[in-house]
Amino acid sequence: MAELAPADVADAGQRRGSLVDEAYAALKAAIRDTVFPPGYRGSEQEIAVRLGMSRTPVHEAIIRLQEDGLVRVLSKRGVLVCPLAPDDIREIYDVVVAVESMAAELLAGLPDSIRTAAADELDAATTTMEEALAAGDLGRWAEADELFHRLLVERCGNGRLRRIAQTVTDQAHRTRMLTLRLRPTLAPSAEAHRLLTAALRTGDAGEAHRCARAHRVSARDELVPLIESIGLRQL
């Protein structure tokens, strides 16, 4: 049998890596958007079929997602999408509060041109939220809300904060999607975003920190008691 040339080996490795990345992104999106809801249990083959992908890259994607805390591999019993209890949600939001308030403070301290460009992006996401809410499109509202918070961390200039945020923001997005229709009103989120963006535009780091913290603390203090009050032991 002829040996593969180094270039062929490299190409094969790149293709395999690309397929794993695609499976990882597809499965994570399905978990984030609750296509595979918390508590879902299925075999690797079943998940691969539902995603329209082959089993091998899905297997490797599942290993990565287990490291992210989104799934758990059960010996001989398939894969479990990890549910979130109220205490889990409280802890997730505690981390989000710390990360996003620091990200806002750092972003407010960046040069004017960077702050202005970031504020424009954040305001655009908030406008989309307002338009979606007016149209009753809660899915689009949630996507725009998630974009706002992701941009806030991505634009702060601290790569480590961004990496810390990724796992908890994935879990916070699951909470967002699962509680959309339980919350009494969504309008205050956009109002809080506008206050934060205004602080970023003026470069007021202390006010940006305060606004980001107040917004996420308010969300935590609304969602956790709401989930507990209706008797949900897990999401």
# chains A, B, ... in the order shown; residues from 1 in each chain; ligands from 1

call {"tool": "residues_around", "arguments": {"residues": "stretch 60-70 of chain A", "least_positions_apart": "5", "cutoff": "9 Å", "atoms": "only C-alpha atoms", "output": "MDAnalysis selection string"}}
result
chainID A and resid 20:25 27:28 31:32 44 55 79:83 166:168 170:171

call {"tool": "residues_around", "arguments": {"residues": "stretch 91-97 of chain A", "least_positions_apart": "5", "cutoff": "6 Å", "atoms": "only C-alpha atoms", "output": "list in words"}}
result
Val168, Arg213, Arg216 and Arg220 of chain A

call {"tool": "closest_residue", "arguments": {"among": "A:Ala219, A:Leu122, A:Leu161, A:Val224", "to": "A:Ala198", "atoms": "only C-alpha atoms"}}
result
A:Leu122

call {"tool": "closest_residue", "arguments": {"among": "A:Arg174, A:Arg201, A:Arg183, A:Arg155", "to": "A:Leu107", "atoms": "only C-alpha atoms"}}
result
A:Arg155

call {"tool": "closest_residue", "arguments": {"among": "A:Ser43, A:Thr34, A:Ser229, A:Thr116", "to": "A:Gly203", "atoms": "only C-alpha atoms"}}
result
A:Thr116

call {"tool": "atom_distance", "arguments": {"atom1": "atom CA of A:Gly157", "atom2": "atom CA of A:Asp123"}}
result
18.8 Å

call {"tool": "select_by_dssp", "arguments": {"residues": "stretch 8-186 of chain A", "states": "helix (DSSP H, G or I)", "output": "VMD selection string"}}
result
chain A and resid 8 to 32 44 to 51 55 to 67 86 to 108 112 to 135 138 to 154 159 to 178

call {"tool": "select_by_dssp", "arguments": {"residues": "stretch 73-224 of chain A", "states": "strand (DSSP E)", "output": "count of residues only"}}
result
6

call {"tool": "residues_around", "arguments": {"residues": "A:Leu110", "least_positions_apart": "4", "cutoff": "12 Å", "atoms": "only C-alpha atoms", "output": "ChimeraX atom specification"}}
result
/A:103-106,114-119,155-158,200-205

call {"tool": "residues_around", "arguments": {"residues": "A:Gly136", "least_positions_apart": "3", "cutoff": "12 Å", "atoms": "only C-alpha atoms", "output": "list of chain:residue names"}}
result
A:Met129, A:Glu130, A:Glu131, A:Ala132, A:Leu133, A:Gly139, A:Arg140, A:Trp141, A:Ala142, A:Leu180, A:Arg181, A:Thr185, A:Leu186, A:Ala187
